[in-house]
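As structure tokens, the structure follows; a few thoughts come after it.
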Amino acid sequence: MMDVKRRYVIPGDVIATGPLRPEQNVYQDGDRMISTCVGISEIFENAVKVIPLTGGYMPKSNDLVIGKVIGTSPLSWEFDINSCFVGFLPAQDVFGRDYSPTKDELKQRLDIGDLVATRIANFDRSRDPLLTVQDRDLGKIDSGELVTISPSKVPRLIGKRGSMIQTIEMATKAIITIGQNGWIVISCEDSEGLLKAVEAVKMIDALAHTPNLTERVKSMLGVPDGENNDTIND
Amino acid sequence: MNSLILDQLKRDKILDLLKTGKRIDGRALDEQRPLIIETGVIPKANGSARVKLGDTEIITGVKIQPDKPFPDLGDKGILICTAEILPLADPNAEPGPPNEEVIELARVVDRGIRETEMIDLHQLVLIENKSVIGMFIDSSVIDSGGNLFDACSYASVAGILSCTVPKYDIQNEAPVLVEGVTSKPPIKTLPVSVTMARIGDHIVVDPTKDEESCMDARITITTNSDGNICAVQKGGSDGFTAEQLLQCSEMALAVGRKIRKQFEKLM
Amino acid sequence: MVKTMTQLMTEDGIRCDGRRLDELRNISIKVGVLKNADGSAYIEFGKNKILAGVFGPRDVHPKHMANPDSGILRCRYHMSPFSVTERKNPAPSRREIEISKVIKEALQPAVILKDYPRTVIDVFIEVLQADGGSRCAALDAAAVALADAGIPMRDLVSACAAGKVADRIVLDVNNEEDQEGQADMPVALMPNMGKITLLQLDGMLKPEEFKTCMQTALVGCKRVYEVQRKALMEKYFQNGEQ
């Protein structure tokens with residue numbers, strides 16, 4: 001069993017003192033490790049971090065996000081990715097290197113308002129994030145219901161090794177695409193299943209860090225409660 | 001980062017659902033969202049109300065103080081309704097002098113209360129042509145979730161219904177406050193505002209923010225306790241047919257009667 | 001009707017609202033009360049009723065105001081027309097503009113802005129009912145709203161005023177004491193850092209009184225911090241056990 005010390009913290013709380021490595025949402029003042037947000041602090045193998053319970057989406061390279069097209073510029077599409085940073089998908093990612101598409105051709109492929117599953121190809125804070133749709137499971141989403149949750153709840157929605165999301169998908173026969181940015185698309189042929197899946201996702205957003213969440217979700221979905229795996233997934 | 005563009009899925013969904021007679025939040029086309037009215041929330045003011053209409057939330061304060069009458073209206077007290085969309089209410093709201101949207105909101109709320117003659121202004125005179133009672137009804141939108149017109153109107157009416165009017169004596173031709181004595185405001189009728197949006201060929205009552213962003217036109221109709229139509233405002237960049245407008249006036253009367261019952265409980 | 005010193009305080013040091021010299025008014029804070037704002041808080045501090053909403057980090061308009069190396073903080077403190085005894089014109093007064101500035105400068109040292117270049121964090125404060133010490137109460141709500149919005153902060157900011165009334169130093173000046181008293185000193189503190197980020201004085205204090213007044217206010221700030229912490233804990237952890 002790994003020894004991880006956990007505590008509820010708010011900004012300014014001193015998590016620990018001593019020779020530790022400050023990681024996400026922690027800053028160092030002298031030898032004091034201080035939380036910068038509301039969340040759960042973790043001390044593990046000389047490193048200190050805080051899992052945030054607040055905040056919008058901060059892009060990270062390789063994250064799969066759901067984006068909404070909000071504009072086009074000469075050689076790219078602009079995306080709302082639920083962050084203070086706008087995502088850019090270069091035209092050549094879709095049309096190839098040697099082809100310069102017209103504005104109409106851009107709009108025909110992806111138009112304003114379209115929802116797209118995309119991956120963050122590159123992000124450093126000096127410029128806006130670059131997106132790509134080159135993988136097989138990426139691209140425009142034709143149908144499905146968009147649900148917004150807080151990005152900090154996404155790990156809980158996925159669950160340990162995918163257990164939570166699998167539970168929901170199996171119980172409702174829905175297909176759920178999870179964006180790390182908190183945008184979730186749920187599609188289901190059965191309208192009853194769709195409603196239940198949406199309710200389950202919203203429930204996790206509302207109750208992510210309360211005890212017995214797994215049981216409550218399973219009970220709402222009508223799934224027998226087998227194993228007890230109610231731990232926080234990081 | 002906030003996008004003003006409704007995502008395509010939601011827009012299509014709104015229209016598809018309307019064709020089957022339903023709305024995204026499960027309401028019927030002529031159904032309002034839950035309305036919660038709380039009065040006396042600002043004890044220092046003469047009257048106040050907090051209204052929640054779905055996700056829209058308004059706080060209204062009523063201030064009553066002596067004032068000079070308008071030049072040609074020396075036998076009437078003063079009634080002024082204002083409205084403001086606070087910058088904390090909406091990511092797109094900008095602090096600064098009111099824009100045309102906010103000004104329209106304030107003037108429509110004001111007309112709704114004035115044209116129905118909710119308050120008998122003749123009873124608010126202290127010295128004719130010299131000194132009258134002024135009532136200021138200021139509404140602040142603190143959370144914007146669609147249909148600010150009705151929400152502000154309901155909050156203003158509730159604030160007025162629950163306010164207390166101070167008593168003034170006249171000494172040396174000037175009004176002097178009499179401590180500890182108050183009276184109820186001189187109310188003649190209960191105005192109820194009902195706002196409807198046209199989306200395609202469908203008319204929906206009490207539009208949400210999403211419905212407003214894809215509506216073609218909007219109409220606000222205020223009726224009084226006698227079932228008369230007293231104030232109307234059409235908005236939006238498209239129009240209505242005459243039949244649609246008559247349909248709207250009927251809905252305004254029907255929905256208005258329901259809301260009026262809620263106000264009557266406050267009296 | 002002017003209150004004399006004896007009406008502001010009795011011989012035994014009981015104040016006009018029944019409080020002792022070092023007693024804070026009742027404070028309650030609710031976190032996350034608005035749907036649109038990224039973070040929000042509502043505070044009742046005595047008879048003050050104040051709402052704070054935070055948006056951001058978000059794009060800056062006009063673009064020339066953006067800082068390429070760091071986010072910027074903007075703050076607007078505004079009083080509702082019905083918040084004070086005589087109805088106030090909705091347009092911002094010079095007093096409100098000054099208070100907006102000192103509140104912004106009180107929050108700035110706490111907010112970690114370098115993580116969000118070219119963006120702005122907007123703090124909007126609306127005073128729905130005012131009763132002395134509103135700028136401190138506003139600051140207390142704003143700090144909690146920033147934490148609720150997930151803006152990274154080095155510490156919270158906790159504010160409280162102290163003053164001199166009827167020749168004695170008191171904690172947390174109310175409206176009558178502010179108007180008829182001898183000095184009013186609002187103070188804001190970053191509690192874990194020990195950094196004072198707002199300090200103003202209105203009135204006259206001897207050097208010894210100044211020291212006592214400031215220390216009194218700092219004690220008040222720390223008590224306010226406990227209320228802010230409890231409010232955040234209640235919202236996010238439902239007061240669950242550690």
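Identifiers for the structure tokens are assigned positionally: chains receive A, B, ... in sequence, residues are indexed from 1 per chain, and ligands are indexed from 1 in the order shown.
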Which residues are near His202 of chain B? Cut-off 8 Å, only C-alpha atoms, ignore same chain within fewer than 3 positions. Put them as a ChimeraX atom specification.
/B:18,198-199
Kindly save the residues from that selection, with C-alpha atoms included, as an mmCIF file, in the first residue's frame.
```
data_model
loop_
_atom_site.group_PDB
_atom_site.id
_atom_site.type_symbol
_atom_site.label_atom_id
_atom_site.label_comp_id
_atom_site.auth_asym_id
_atom_site.auth_seq_id
_atom_site.Cartn_x
_atom_site.Cartn_y
_atom_site.Cartn_z
ATOM 1 C CA LEU B 18 -40.485 22.425 -30.660
ATOM 2 C CA ARG B 198 -41.049 33.289 -31.600
ATOM 3 C CA ILE B 199 -38.713 30.519 -32.769
#
```
Residues of chain B within 10 Å of chain C, only C-alpha atoms counted, as JSON, numbers by chain
{"B": [1, 2, 41, 42, 43, 44, 45, 46, 47, 48, 55, 56, 57, 59, 60, 61, 62, 63, 64, 65, 82, 83, 84, 86, 87, 88, 89, 90, 91, 92, 95, 96, 97, 98, 135, 136, 137, 138, 139, 140, 142, 143, 144, 145]}
Near chain A, meaning an atom within 7 Å, which residues of chain C appear when counting only C-alpha atoms? Write them as a ChimeraX atom specification.
/C:57-59,147-156,192,242
Write out, as a PDB file, in the first residue's frame, the residues just selected, with C-alpha atoms.
```pdb
ATOM      1  CA  PRO C  57      -9.159  34.193 -16.598  1.00  0.00           C
ATOM      2  CA  ARG C  58     -10.644  35.521 -19.805  1.00  0.00           C
ATOM      3  CA  ASP C  59      -9.778  37.607 -22.864  1.00  0.00           C
ATOM      4  CA  ALA C 147     -10.976  30.893  -4.547  1.00  0.00           C
ATOM      5  CA  ASP C 148     -14.359  29.574  -5.717  1.00  0.00           C
ATOM      6  CA  ALA C 149     -13.411  30.469  -9.297  1.00  0.00           C
ATOM      7  CA  GLY C 150     -10.245  28.418  -8.985  1.00  0.00           C
ATOM      8  CA  ILE C 151      -7.922  31.392  -9.488  1.00  0.00           C
ATOM      9  CA  PRO C 152      -4.563  30.303  -8.005  1.00  0.00           C
ATOM     10  CA  MET C 153      -3.828  32.340  -4.885  1.00  0.00           C
ATOM     11  CA  ARG C 154      -0.915  32.543  -2.508  1.00  0.00           C
ATOM     12  CA  ASP C 155      -3.292  33.110   0.375  1.00  0.00           C
ATOM     13  CA  LEU C 156      -6.780  34.382   1.066  1.00  0.00           C
ATOM     14  CA  ASN C 192      -0.716  32.870   6.374  1.00  0.00           C
ATOM     15  CA  GLN C 242     -10.271  15.020   7.058  1.00  0.00           C
TER      16      GLN C 242
END
```
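For the set A:Phe79, A:Asp31, A:Val65, A:Phe44, the residue with the smallest atom-to-atom gap to chain B is A:Phe79, counting only C-alpha atoms.
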Output the contact residues of chain A with respect to chain B at a cut-off of 10 Å, based on only C-alpha atoms, as JSON, numbers by chain.
{"A": [56, 68, 69, 70, 71, 79, 80, 81, 82, 83, 84, 85, 86, 111, 112, 113, 114, 115, 141, 142, 143, 144, 145, 146]}
Could you write out the selected residues, including N, CA and C atoms, as a tab-separated table (two decimals), in the first residue's frame?
```
chain	number	residue	atom	x	y	z
A	56	GLY	N	-11.31	26.44	-14.19
A	56	GLY	CA	-11.63	26.08	-15.56
A	56	GLY	C	-10.57	25.14	-16.10
A	68	LYS	N	-15.68	23.44	-29.70
A	68	LYS	CA	-16.78	23.97	-30.50
A	68	LYS	C	-16.20	24.99	-31.46
A	69	VAL	N	-16.47	24.88	-32.77
A	69	VAL	CA	-15.92	25.82	-33.74
A	69	VAL	C	-16.59	27.18	-33.54
A	70	ILE	N	-15.76	28.19	-33.34
A	70	ILE	CA	-16.33	29.54	-33.16
A	70	ILE	C	-15.89	30.50	-34.25
A	71	GLY	N	-15.02	30.05	-35.15
A	71	GLY	CA	-14.62	30.94	-36.23
A	71	GLY	C	-13.61	30.29	-37.14
A	79	PHE	N	-11.37	27.36	-32.06
A	79	PHE	CA	-12.23	26.54	-31.21
A	79	PHE	C	-12.39	27.10	-29.80
A	80	ASP	N	-13.60	27.00	-29.30
A	80	ASP	CA	-13.84	27.21	-27.87
A	80	ASP	C	-13.59	25.84	-27.22
A	81	ILE	N	-12.61	25.79	-26.31
A	81	ILE	CA	-12.34	24.51	-25.63
A	81	ILE	C	-12.57	24.64	-24.13
A	82	ASN	N	-13.51	25.58	-23.78
A	82	ASN	CA	-13.89	25.73	-22.37
A	82	ASN	C	-12.70	26.15	-21.51
A	83	SER	N	-11.89	27.01	-22.11
A	83	SER	CA	-10.71	27.47	-21.39
A	83	SER	C	-10.54	28.94	-21.67
A	84	CYS	N	-9.67	29.59	-20.91
A	84	CYS	CA	-9.41	30.98	-21.25
A	84	CYS	C	-8.55	31.09	-22.51
A	85	PHE	N	-8.03	29.99	-22.97
A	85	PHE	CA	-7.26	29.97	-24.22
A	85	PHE	C	-8.10	29.39	-25.35
A	86	VAL	N	-7.99	30.00	-26.51
A	86	VAL	CA	-8.70	29.52	-27.70
A	86	VAL	C	-7.85	28.48	-28.40
A	111	ASP	N	-18.07	23.68	-39.63
A	111	ASP	CA	-18.70	24.99	-39.64
A	111	ASP	C	-18.88	25.52	-38.22
A	112	ILE	N	-19.16	26.80	-38.12
A	112	ILE	CA	-19.34	27.43	-36.81
A	112	ILE	C	-20.46	26.72	-36.05
A	113	GLY	N	-20.21	26.35	-34.83
A	113	GLY	CA	-21.18	25.64	-34.01
A	113	GLY	C	-20.93	24.15	-33.95
A	114	ASP	N	-20.11	23.61	-34.85
A	114	ASP	CA	-19.86	22.17	-34.85
A	114	ASP	C	-19.07	21.76	-33.62
A	115	LEU	N	-19.39	20.58	-33.11
A	115	LEU	CA	-18.62	20.01	-32.00
A	115	LEU	C	-17.64	18.98	-32.54
A	141	ILE	N	-18.39	15.58	-34.39
A	141	ILE	CA	-19.38	14.76	-33.70
A	141	ILE	C	-20.74	15.10	-34.28
A	142	ASP	N	-21.37	14.09	-34.90
A	142	ASP	CA	-22.63	14.36	-35.59
A	142	ASP	C	-23.83	14.39	-34.68
A	143	SER	N	-23.82	13.53	-33.71
A	143	SER	CA	-25.02	13.49	-32.87
A	143	SER	C	-24.63	13.20	-31.44
A	144	GLY	N	-25.51	13.57	-30.53
A	144	GLY	CA	-25.23	13.32	-29.13
A	144	GLY	C	-25.55	14.56	-28.33
A	145	GLU	N	-25.66	14.35	-27.06
A	145	GLU	CA	-26.01	15.42	-26.14
A	145	GLU	C	-24.74	15.93	-25.47
A	146	LEU	N	-24.56	17.25	-25.45
A	146	LEU	CA	-23.37	17.84	-24.82
A	146	LEU	C	-23.68	18.17	-23.37
```
Do a neighbour search on Ser76 of chain A at 9 Å with only C-alpha atoms, toss out local chain neighbours closer than 5 positions, and write the hits as a ChimeraX atom specification.
/A:71,88-93,106
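Closest approach to Asp115 of chain C from the set A:Thr118, A:Thr17, A:Gln24, A:Ser100 is made by A:Gln24, with distances taken over only C-alpha atoms.
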Mind listing the helix (DSSP H, G or I) residues of segment 151-189 of chain C, per DSSP on the backbone, as JSON, numbers by chain?
{"C": [175, 176, 177, 178, 179, 180]}
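Note that atom CA of Glu173 of chain B and atom CA of Pro71 of chain B are 18.0 Å apart.
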Selection near Asp226 of chain B, 12 Å with only C-alpha atoms, sequence-local residues under 3 positions removed, as a compact mmCIF listing (two decimals) with C-alpha atoms, in the first residue's frame:
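And here is the file that came out, around.txt:
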```
# COMPACT_ATOMS: atom_id res chain seq x y z
CA THR B 116 -51.28 49.94 -15.66
CA GLU B 117 -51.53 52.69 -13.01
CA MET B 118 -50.44 50.27 -10.34
CA LYS B 188 -54.91 50.19 -7.65
CA THR B 189 -54.05 47.14 -9.72
CA LEU B 190 -51.54 44.31 -10.13
CA PRO B 191 -49.59 44.46 -13.39
CA VAL B 192 -48.24 41.17 -14.70
CA THR B 222 -48.31 43.57 -19.51
CA THR B 223 -51.88 43.18 -18.29
CA ILE B 229 -53.66 45.11 -21.92
CA CYS B 230 -51.66 48.14 -20.87
CA LEU B 253 -53.78 37.13 -20.22
CA GLY B 256 -50.87 36.64 -16.27
CA ARG B 257 -53.86 35.43 -14.28
CA ARG B 260 -51.33 37.44 -10.34
```
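The interatomic distance for the pair atom CA of Trp77 of chain A and atom CA of Arg97 of chain A works out to 15.6 Å.
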Within 8 Å of Ile187 of chain B, counting only C-alpha atoms, which residues qualify if same-chain residues fewer than 4 places away don't, as a short mmCIF file (atom, residue, chain, number, x, y, z; two decimals) with N, CA and C atoms, in the first residue's frame?
```cif
data_model
loop_
_atom_site.label_atom_id
_atom_site.label_comp_id
_atom_site.auth_asym_id
_atom_site.auth_seq_id
_atom_site.Cartn_x
_atom_site.Cartn_y
_atom_site.Cartn_z
N MET B 118 -50.51 51.11 -11.54
CA MET B 118 -50.44 50.27 -10.34
C MET B 118 -50.54 51.12 -9.07
N ILE B 119 -49.84 52.25 -9.07
CA ILE B 119 -49.86 53.12 -7.91
C ILE B 119 -50.70 54.34 -8.22
N ASP B 120 -51.56 54.73 -7.27
CA ASP B 120 -52.34 55.95 -7.45
C ASP B 120 -51.45 57.13 -7.07
N LEU B 161 -45.41 45.99 -3.64
CA LEU B 161 -46.49 45.41 -2.83
C LEU B 161 -46.09 45.32 -1.37
#
```
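Nearest to Ala66 of chain C of all the residues C:Pro186, C:Gly181, C:Gly203, C:Arg118 is C:Arg118, counting only C-alpha atoms.
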